[in-house]
Amino acid sequence: MPRILVAIPEKCTGCGRCQAACSAAHDGVFAPSLARLGVENFPLIGRSVPSVCFHCANPDCLAACPEGAISHDETGTVLVHADKCTGCGACEDACPWGQIRVEKAGKAMKCDLCGGEPSCVAECYPGALIFVEPEKELRKIRGMQMKERSSSGSPAEKRRNLALRLVGSGGDS
């Protein structure tokens with residue numbers, strides 16, 4: 001069974017090391033804005049929530065792409081093929097968790113699991129991000145997170161909405 005990336009919000013400290021590692025691995029710079037995952041911080045309640053791509057079995061982003069620029073590989077990883085992407089944004093609108101976005105370069109970008117060794121997981125010292133073969137409890141956690149869908153808003157708004165629902169309504173702006 002393929003491994004899955006799972007976020008454990010209760011363990012997240014909001015340090016941002018995962019985002020720095022992701023942007024360094026993909027873009028060669030420590031720039032959280034370029035990370036393929038998000039971390040929402042709620043300082044007034046002392047909580048942070050990582051948000052990651054679920055690499056869905058039937059991804060809305062793949063179905064929405066008119067150019068065929070999104071596919072599954074043999075491990076189930078959902079990938080963007082930049083050479084086919086026209087930057088139309090259909091995938092961005094379709095993802096209910098805000099995990100794919102069109103950047104200034106005009107291409108969609110999302111988590112690619114770093115070819116099977118996610119840099120975010122390697123850098124997450126509290127264990128809020130794990131990449132493992134799914135066991136029953138982890139599949140349940142992931143399934144509960146996947147139920148929290150947003151049908152409108154920017155990718156950042158969708159990620160924030162997911163995080164708010166995961167921590168309850170006590171988050172601050």
# chains A, B, ... in the order shown; residues from 1 in each chain; ligands from 1
>>> closest_atom_pairs(of="stretch 38-80 of chain A", to="stretch 100-122 of chain A", cutoff="9 Å", atoms="only C-alpha atoms", output="tab-separated table")
residue	atom	partner	partner_atom	distance
A:Val52	CA	A:Cys111	CA	7.6
A:Cys53	CA	A:Cys111	CA	6.2
A:His55	CA	A:Cys111	CA	8.5
A:Cys61	CA	A:Ile100	CA	7.8
A:Thr75	CA	A:Gly116	CA	8.7
A:Thr77	CA	A:Asp112	CA	6.6
A:Val78	CA	A:Asp112	CA	6.8
A:Leu79	CA	A:Asp112	CA	5.9
A:Val80	CA	A:Met109	CA	6.6
>>> closest_atom_pairs(of="stretch 8-32 of chain A", to="stretch 132-149 of chain A", cutoff="12 Å", atoms="only C-alpha atoms", output="tab-separated table")
residue	atom	partner	partner_atom	distance
A:Ile8	CA	A:Ile141	CA	8.1
A:Pro9	CA	A:Ile141	CA	10.1
A:Glu10	CA	A:Ile141	CA	11.5
>>> atom_distance(atom1="atom CA of A:Asp93", atom2="atom CA of A:Gly68")
15.8 Å
>>> residues_around(residues="A:Val6", least_positions_apart="4", cutoff="7 Å", atoms="only C-alpha atoms", output="list in words")
Leu129, Ile130, Phe131 and Arg142 of chain A
>>> write_last_selection(atoms="N, CA and C atoms", output="CSV table (one decimal), in the first residue's frame")
chain,number,residue,atom,x,y,z
A,129,LEU,N,3.7,16.3,10.8
A,129,LEU,CA,3.6,15.8,9.5
A,129,LEU,C,4.3,14.4,9.4
A,130,ILE,N,3.5,13.4,9.0
A,130,ILE,CA,4.1,12.1,8.9
A,130,ILE,C,3.8,11.5,7.5
A,131,PHE,N,4.7,10.7,7.0
A,131,PHE,CA,4.5,10.0,5.7
A,131,PHE,C,4.7,8.5,5.9
A,142,ARG,N,-7.2,11.3,8.5
A,142,ARG,CA,-7.2,11.9,7.2
A,142,ARG,C,-8.6,12.1,6.6
>>> select_by_dssp(residues="chain A", states="helix (DSSP H, G or I)", output="PDB file with N, CA and C atoms, in the first residue's frame")
ATOM      1  N   PRO A   9      -2.652  17.985  13.464  1.00  0.00           N
ATOM      2  CA  PRO A   9      -2.692  19.371  13.941  1.00  0.00           C
ATOM      3  C   PRO A   9      -2.319  19.557  15.403  1.00  0.00           C
ATOM      4  N   GLU A  10      -2.680  18.607  16.261  1.00  0.00           N
ATOM      5  CA  GLU A  10      -2.399  18.732  17.694  1.00  0.00           C
ATOM      6  C   GLU A  10      -0.908  18.820  18.006  1.00  0.00           C
ATOM      7  N   LYS A  11      -0.072  18.350  17.077  1.00  0.00           N
ATOM      8  CA  LYS A  11       1.374  18.355  17.309  1.00  0.00           C
ATOM      9  C   LYS A  11       2.085  19.558  16.688  1.00  0.00           C
ATOM     10  N   ARG A  17       9.108  25.427   9.793  1.00  0.00           N
ATOM     11  CA  ARG A  17      10.260  24.712   9.229  1.00  0.00           C
ATOM     12  C   ARG A  17       9.855  23.859   8.032  1.00  0.00           C
ATOM     13  N   CYS A  18       8.639  23.304   8.075  1.00  0.00           N
ATOM     14  CA  CYS A  18       8.158  22.487   6.957  1.00  0.00           C
ATOM     15  C   CYS A  18       8.057  23.320   5.684  1.00  0.00           C
ATOM     16  N   GLN A  19       7.562  24.544   5.815  1.00  0.00           N
ATOM     17  CA  GLN A  19       7.422  25.419   4.652  1.00  0.00           C
ATOM     18  C   GLN A  19       8.786  25.841   4.113  1.00  0.00           C
ATOM     19  N   ALA A  20       9.704  26.134   5.004  1.00  0.00           N
ATOM     20  CA  ALA A  20      11.060  26.502   4.570  1.00  0.00           C
ATOM     21  C   ALA A  20      11.723  25.335   3.844  1.00  0.00           C
ATOM     22  N   ALA A  21      11.579  24.122   4.391  1.00  0.00           N
ATOM     23  CA  ALA A  21      12.179  22.947   3.762  1.00  0.00           C
ATOM     24  C   ALA A  21      11.568  22.690   2.387  1.00  0.00           C
ATOM     25  N   CYS A  22      10.253  22.867   2.283  1.00  0.00           N
ATOM     26  CA  CYS A  22       9.565  22.651   1.006  1.00  0.00           C
ATOM     27  C   CYS A  22      10.050  23.637  -0.059  1.00  0.00           C
ATOM     28  N   SER A  23      10.068  24.916   0.296  1.00  0.00           N
ATOM     29  CA  SER A  23      10.485  25.913  -0.698  1.00  0.00           C
ATOM     30  C   SER A  23      11.960  25.737  -1.065  1.00  0.00           C
ATOM     31  N   ALA A  24      12.786  25.347  -0.100  1.00  0.00           N
ATOM     32  CA  ALA A  24      14.205  25.111  -0.397  1.00  0.00           C
ATOM     33  C   ALA A  24      14.360  23.920  -1.347  1.00  0.00           C
ATOM     34  N   ALA A  25      13.600  22.861  -1.104  1.00  0.00           N
ATOM     35  CA  ALA A  25      13.692  21.670  -1.947  1.00  0.00           C
ATOM     36  C   ALA A  25      13.218  21.932  -3.377  1.00  0.00           C
ATOM     37  N   HIS A  26      12.192  22.758  -3.537  1.00  0.00           N
ATOM     38  CA  HIS A  26      11.624  22.990  -4.863  1.00  0.00           C
ATOM     39  C   HIS A  26      12.167  24.221  -5.579  1.00  0.00           C
ATOM     40  N   ASP A  27      12.499  25.259  -4.814  1.00  0.00           N
ATOM     41  CA  ASP A  27      12.869  26.526  -5.436  1.00  0.00           C
ATOM     42  C   ASP A  27      14.257  27.036  -5.045  1.00  0.00           C
ATOM     43  N   PRO A  32       8.518  30.718   2.669  1.00  0.00           N
ATOM     44  CA  PRO A  32       7.257  30.028   2.958  1.00  0.00           C
ATOM     45  C   PRO A  32       6.153  30.283   1.931  1.00  0.00           C
ATOM     46  N   SER A  33       6.161  31.438   1.289  1.00  0.00           N
ATOM     47  CA  SER A  33       5.127  31.732   0.296  1.00  0.00           C
ATOM     48  C   SER A  33       5.231  30.817  -0.924  1.00  0.00           C
ATOM     49  N   LEU A  34       6.372  30.170  -1.110  1.00  0.00           N
ATOM     50  CA  LEU A  34       6.550  29.251  -2.231  1.00  0.00           C
ATOM     51  C   LEU A  34       6.310  27.792  -1.838  1.00  0.00           C
ATOM     52  N   ASP A  60     -10.371  16.464  -7.637  1.00  0.00           N
ATOM     53  CA  ASP A  60     -11.150  17.482  -8.327  1.00  0.00           C
ATOM     54  C   ASP A  60     -10.264  18.306  -9.255  1.00  0.00           C
ATOM     55  N   CYS A  61      -9.007  18.547  -8.849  1.00  0.00           N
ATOM     56  CA  CYS A  61      -8.100  19.342  -9.680  1.00  0.00           C
ATOM     57  C   CYS A  61      -7.820  18.644 -11.012  1.00  0.00           C
ATOM     58  N   LEU A  62      -7.628  17.336 -10.976  1.00  0.00           N
ATOM     59  CA  LEU A  62      -7.364  16.564 -12.191  1.00  0.00           C
ATOM     60  C   LEU A  62      -8.577  16.615 -13.110  1.00  0.00           C
ATOM     61  N   ALA A  63      -9.755  16.413 -12.542  1.00  0.00           N
ATOM     62  CA  ALA A  63     -10.979  16.429 -13.348  1.00  0.00           C
ATOM     63  C   ALA A  63     -11.227  17.797 -13.974  1.00  0.00           C
ATOM     64  N   ALA A  64     -10.826  18.860 -13.289  1.00  0.00           N
ATOM     65  CA  ALA A  64     -11.093  20.215 -13.769  1.00  0.00           C
ATOM     66  C   ALA A  64     -10.108  20.698 -14.829  1.00  0.00           C
ATOM     67  N   ALA A  90      -8.388  26.547 -13.403  1.00  0.00           N
ATOM     68  CA  ALA A  90      -9.519  25.646 -13.154  1.00  0.00           C
ATOM     69  C   ALA A  90      -9.209  24.688 -12.002  1.00  0.00           C
ATOM     70  N   CYS A  91      -7.987  24.217 -11.921  1.00  0.00           N
ATOM     71  CA  CYS A  91      -7.589  23.303 -10.844  1.00  0.00           C
ATOM     72  C   CYS A  91      -7.635  24.005  -9.493  1.00  0.00           C
ATOM     73  N   GLU A  92      -7.192  25.236  -9.467  1.00  0.00           N
ATOM     74  CA  GLU A  92      -7.180  26.049  -8.249  1.00  0.00           C
ATOM     75  C   GLU A  92      -8.598  26.233  -7.708  1.00  0.00           C
ATOM     76  N   ASP A  93      -9.528  26.531  -8.594  1.00  0.00           N
ATOM     77  CA  ASP A  93     -10.924  26.691  -8.195  1.00  0.00           C
ATOM     78  C   ASP A  93     -11.518  25.370  -7.723  1.00  0.00           C
ATOM     79  N   ALA A  94     -11.104  24.268  -8.335  1.00  0.00           N
ATOM     80  CA  ALA A  94     -11.698  22.963  -8.050  1.00  0.00           C
ATOM     81  C   ALA A  94     -11.255  22.355  -6.724  1.00  0.00           C
ATOM     82  N   LEU A 113       5.132  15.393  -3.093  1.00  0.00           N
ATOM     83  CA  LEU A 113       5.717  14.463  -2.129  1.00  0.00           C
ATOM     84  C   LEU A 113       7.223  14.294  -2.307  1.00  0.00           C
ATOM     85  N   CYS A 114       7.839  15.262  -2.964  1.00  0.00           N
ATOM     86  CA  CYS A 114       9.306  15.268  -3.148  1.00  0.00           C
ATOM     87  C   CYS A 114       9.821  13.930  -3.675  1.00  0.00           C
ATOM     88  N   GLY A 115       9.072  13.337  -4.578  1.00  0.00           N
ATOM     89  CA  GLY A 115       9.493  12.076  -5.173  1.00  0.00           C
ATOM     90  C   GLY A 115       9.461  10.904  -4.206  1.00  0.00           C
ATOM     91  N   GLY A 116       8.720  11.021  -3.119  1.00  0.00           N
ATOM     92  CA  GLY A 116       8.592   9.920  -2.169  1.00  0.00           C
ATOM     93  C   GLY A 116       9.306  10.121  -0.853  1.00  0.00           C
ATOM     94  N   SER A 119      10.300  16.582   2.043  1.00  0.00           N
ATOM     95  CA  SER A 119      11.225  17.394   2.841  1.00  0.00           C
ATOM     96  C   SER A 119      10.536  17.996   4.050  1.00  0.00           C
ATOM     97  N   CYS A 120       9.245  18.279   3.942  1.00  0.00           N
ATOM     98  CA  CYS A 120       8.500  18.844   5.071  1.00  0.00           C
ATOM     99  C   CYS A 120       8.471  17.869   6.241  1.00  0.00           C
ATOM    100  N   VAL A 121       8.287  16.600   5.956  1.00  0.00           N
ATOM    101  CA  VAL A 121       8.239  15.578   7.000  1.00  0.00           C
ATOM    102  C   VAL A 121       9.603  15.443   7.662  1.00  0.00           C
ATOM    103  N   ALA A 122      10.656  15.440   6.857  1.00  0.00           N
ATOM    104  CA  ALA A 122      12.005  15.305   7.403  1.00  0.00           C
ATOM    105  C   ALA A 122      12.341  16.452   8.346  1.00  0.00           C
ATOM    106  N   GLU A 123      11.760  17.612   8.118  1.00  0.00           N
ATOM    107  CA  GLU A 123      12.074  18.800   8.918  1.00  0.00           C
ATOM    108  C   GLU A 123      11.104  19.018  10.077  1.00  0.00           C
ATOM    109  N   LYS A 136      -5.390   2.096  10.280  1.00  0.00           N
ATOM    110  CA  LYS A 136      -6.789   2.458  10.458  1.00  0.00           C
ATOM    111  C   LYS A 136      -6.959   3.842  11.091  1.00  0.00           C
ATOM    112  N   GLU A 137      -6.241   4.131  12.172  1.00  0.00           N
ATOM    113  CA  GLU A 137      -6.401   5.406  12.875  1.00  0.00           C
ATOM    114  C   GLU A 137      -5.975   6.594  11.997  1.00  0.00           C
ATOM    115  N   LEU A 138      -4.884   6.440  11.247  1.00  0.00           N
ATOM    116  CA  LEU A 138      -4.428   7.521  10.367  1.00  0.00           C
ATOM    117  C   LEU A 138      -5.393   7.743   9.212  1.00  0.00           C
ATOM    118  N   ARG A 139      -5.943   6.672   8.674  1.00  0.00           N
ATOM    119  CA  ARG A 139      -6.949   6.822   7.607  1.00  0.00           C
ATOM    120  C   ARG A 139      -8.173   7.557   8.151  1.00  0.00           C
ATOM    121  N   LYS A 140      -8.527   7.298   9.399  1.00  0.00           N
ATOM    122  CA  LYS A 140      -9.669   7.974  10.020  1.00  0.00           C
ATOM    123  C   LYS A 140      -9.383   9.469  10.184  1.00  0.00           C
ATOM    124  N   ILE A 141      -8.193   9.816  10.677  1.00  0.00           N
ATOM    125  CA  ILE A 141      -7.805  11.230  10.844  1.00  0.00           C
ATOM    126  C   ILE A 141      -7.847  11.943   9.503  1.00  0.00           C
ATOM    127  N   ARG A 142      -7.236  11.330   8.509  1.00  0.00           N
ATOM    128  CA  ARG A 142      -7.199  11.927   7.177  1.00  0.00           C
ATOM    129  C   ARG A 142      -8.596  12.060   6.589  1.00  0.00           C
ATOM    130  N   GLY A 143      -9.428  11.046   6.763  1.00  0.00           N
ATOM    131  CA  GLY A 143     -10.797  11.089   6.263  1.00  0.00           C
ATOM    132  C   GLY A 143     -11.606  12.213   6.899  1.00  0.00           C
ATOM    133  N   MET A 144     -11.426  12.418   8.203  1.00  0.00           N
ATOM    134  CA  MET A 144     -12.123  13.500   8.892  1.00  0.00           C
ATOM    135  C   MET A 144     -11.671  14.858   8.348  1.00  0.00           C
ATOM    136  N   GLN A 145     -10.376  15.003   8.075  1.00  0.00           N
ATOM    137  CA  GLN A 145      -9.869  16.258   7.516  1.00  0.00           C
ATOM    138  C   GLN A 145     -10.418  16.472   6.106  1.00  0.00           C
ATOM    139  N   MET A 146     -10.515  15.408   5.329  1.00  0.00           N
ATOM    140  CA  MET A 146     -10.998  15.531   3.951  1.00  0.00           C
ATOM    141  C   MET A 146     -12.476  15.907   3.886  1.00  0.00           C
ATOM    142  N   PRO A 155      -7.186  29.844  -2.700  1.00  0.00           N
ATOM    143  CA  PRO A 155      -6.532  28.737  -2.002  1.00  0.00           C
ATOM    144  C   PRO A 155      -6.199  29.080  -0.548  1.00  0.00           C
ATOM    145  N   ALA A 156      -5.737  30.297  -0.295  1.00  0.00           N
ATOM    146  CA  ALA A 156      -5.404  30.696   1.079  1.00  0.00           C
ATOM    147  C   ALA A 156      -6.646  30.697   1.963  1.00  0.00           C
ATOM    148  N   GLU A 157      -7.770  31.171   1.423  1.00  0.00           N
ATOM    149  CA  GLU A 157      -9.021  31.180   2.195  1.00  0.00           C
ATOM    150  C   GLU A 157      -9.507  29.758   2.473  1.00  0.00           C
ATOM    151  N   LYS A 158      -9.371  28.875   1.498  1.00  0.00           N
ATOM    152  CA  LYS A 158      -9.783  27.483   1.688  1.00  0.00           C
ATOM    153  C   LYS A 158      -8.923  26.803   2.754  1.00  0.00           C
ATOM    154  N   ARG A 159      -7.602  27.050   2.721  1.00  0.00           N
ATOM    155  CA  ARG A 159      -6.715  26.466   3.739  1.00  0.00           C
ATOM    156  C   ARG A 159      -7.067  27.001   5.122  1.00  0.00           C
ATOM    157  N   ARG A 160      -7.329  28.288   5.213  1.00  0.00           N
ATOM    158  CA  ARG A 160      -7.686  28.894   6.497  1.00  0.00           C
ATOM    159  C   ARG A 160      -9.027  28.354   7.012  1.00  0.00           C
ATOM    160  N   ASN A 161      -9.998  28.194   6.122  1.00  0.00           N
ATOM    161  CA  ASN A 161     -11.291  27.636   6.517  1.00  0.00           C
ATOM    162  C   ASN A 161     -11.140  26.209   7.049  1.00  0.00           C
ATOM    163  N   LEU A 162     -10.324  25.402   6.369  1.00  0.00           N
ATOM    164  CA  LEU A 162     -10.060  24.039   6.839  1.00  0.00           C
ATOM    165  C   LEU A 162      -9.449  24.086   8.236  1.00  0.00           C
ATOM    166  N   ALA A 163      -8.445  24.925   8.417  1.00  0.00           N
ATOM    167  CA  ALA A 163      -7.771  25.020   9.710  1.00  0.00           C
ATOM    168  C   ALA A 163      -8.724  25.478  10.809  1.00  0.00           C
ATOM    169  N   LEU A 164      -9.555  26.458  10.516  1.00  0.00           N
ATOM    170  CA  LEU A 164     -10.524  26.932  11.494  1.00  0.00           C
ATOM    171  C   LEU A 164     -11.475  25.816  11.929  1.00  0.00           C
ATOM    172  N   ARG A 165     -11.936  25.038  10.967  1.00  0.00           N
ATOM    173  CA  ARG A 165     -12.843  23.945  11.300  1.00  0.00           C
ATOM    174  C   ARG A 165     -12.127  22.872  12.114  1.00  0.00           C
ATOM    175  N   LEU A 166     -10.843  22.648  11.860  1.00  0.00           N
ATOM    176  CA  LEU A 166     -10.096  21.625  12.588  1.00  0.00           C
ATOM    177  C   LEU A 166      -9.811  22.043  14.040  1.00  0.00           C
ATOM    178  N   VAL A 167      -9.641  23.339  14.291  1.00  0.00           N
ATOM    179  CA  VAL A 167      -9.391  23.792  15.668  1.00  0.00           C
ATOM    180  C   VAL A 167     -10.670  24.204  16.375  1.00  0.00           C
TER     181      VAL A 167
END
>>> select_by_dssp(residues="stretch 8-168 of chain A", states="strand (DSSP E or B)", output="MDAnalysis selection string")
chainID A and resid 38:42 47:51 70:72 78:80 100:102 108:110 129:132
>>> write_last_selection(atoms="C-alpha atoms", output="PDB file, in the first residue's frame")
ATOM      1  CA  GLY A  38       0.426  25.740   4.459  1.00  0.00           C
ATOM      2  CA  VAL A  39       0.520  26.424   8.182  1.00  0.00           C
ATOM      3  CA  GLU A  40      -2.282  28.447   9.706  1.00  0.00           C
ATOM      4  CA  ASN A  41      -1.449  30.047  13.054  1.00  0.00           C
ATOM      5  CA  PHE A  42      -3.987  31.058  15.690  1.00  0.00           C
ATOM      6  CA  ARG A  47      -2.779  26.553  17.984  1.00  0.00           C
ATOM      7  CA  SER A  48      -1.303  25.993  14.557  1.00  0.00           C
ATOM      8  CA  VAL A  49      -2.591  23.722  11.813  1.00  0.00           C
ATOM      9  CA  PRO A  50      -0.574  22.338   8.892  1.00  0.00           C
ATOM     10  CA  SER A  51      -2.490  21.811   5.661  1.00  0.00           C
ATOM     11  CA  ILE A  70      -2.515  16.885 -13.867  1.00  0.00           C
ATOM     12  CA  SER A  71      -2.120  13.137 -13.390  1.00  0.00           C
ATOM     13  CA  HIS A  72      -1.567  10.336 -10.874  1.00  0.00           C
ATOM     14  CA  VAL A  78      -1.091  13.729  -7.916  1.00  0.00           C
ATOM     15  CA  LEU A  79       1.334  15.659 -10.127  1.00  0.00           C
ATOM     16  CA  VAL A  80       1.232  18.856 -12.176  1.00  0.00           C
ATOM     17  CA  ILE A 100      -3.080  23.779  -5.651  1.00  0.00           C
ATOM     18  CA  ARG A 101      -2.513  27.303  -6.855  1.00  0.00           C
ATOM     19  CA  VAL A 102      -1.395  29.175  -9.931  1.00  0.00           C
ATOM     20  CA  ALA A 108      -0.070  25.502 -11.203  1.00  0.00           C
ATOM     21  CA  MET A 109       1.944  24.190  -8.277  1.00  0.00           C
ATOM     22  CA  LYS A 110       1.160  21.686  -5.551  1.00  0.00           C
ATOM     23  CA  LEU A 129       3.598  15.780   9.478  1.00  0.00           C
ATOM     24  CA  ILE A 130       4.102  12.094   8.853  1.00  0.00           C
ATOM     25  CA  PHE A 131       4.528  10.027   5.700  1.00  0.00           C
ATOM     26  CA  VAL A 132       3.642   6.421   6.410  1.00  0.00           C
TER      27      VAL A 132
END
>>> atom_distance(atom1="atom CA of A:Cys15", atom2="atom CA of A:Cys95")
25.6 Å
>>> atom_distance(atom1="atom CA of A:Ala7", atom2="atom CA of A:Ala35")
15.3 Å
>>> closest_residue(among="A:Cys12, A:Ala31, A:Ala69, A:Ile4", to="A:Phe54", atoms="only C-alpha atoms")
A:Ile4
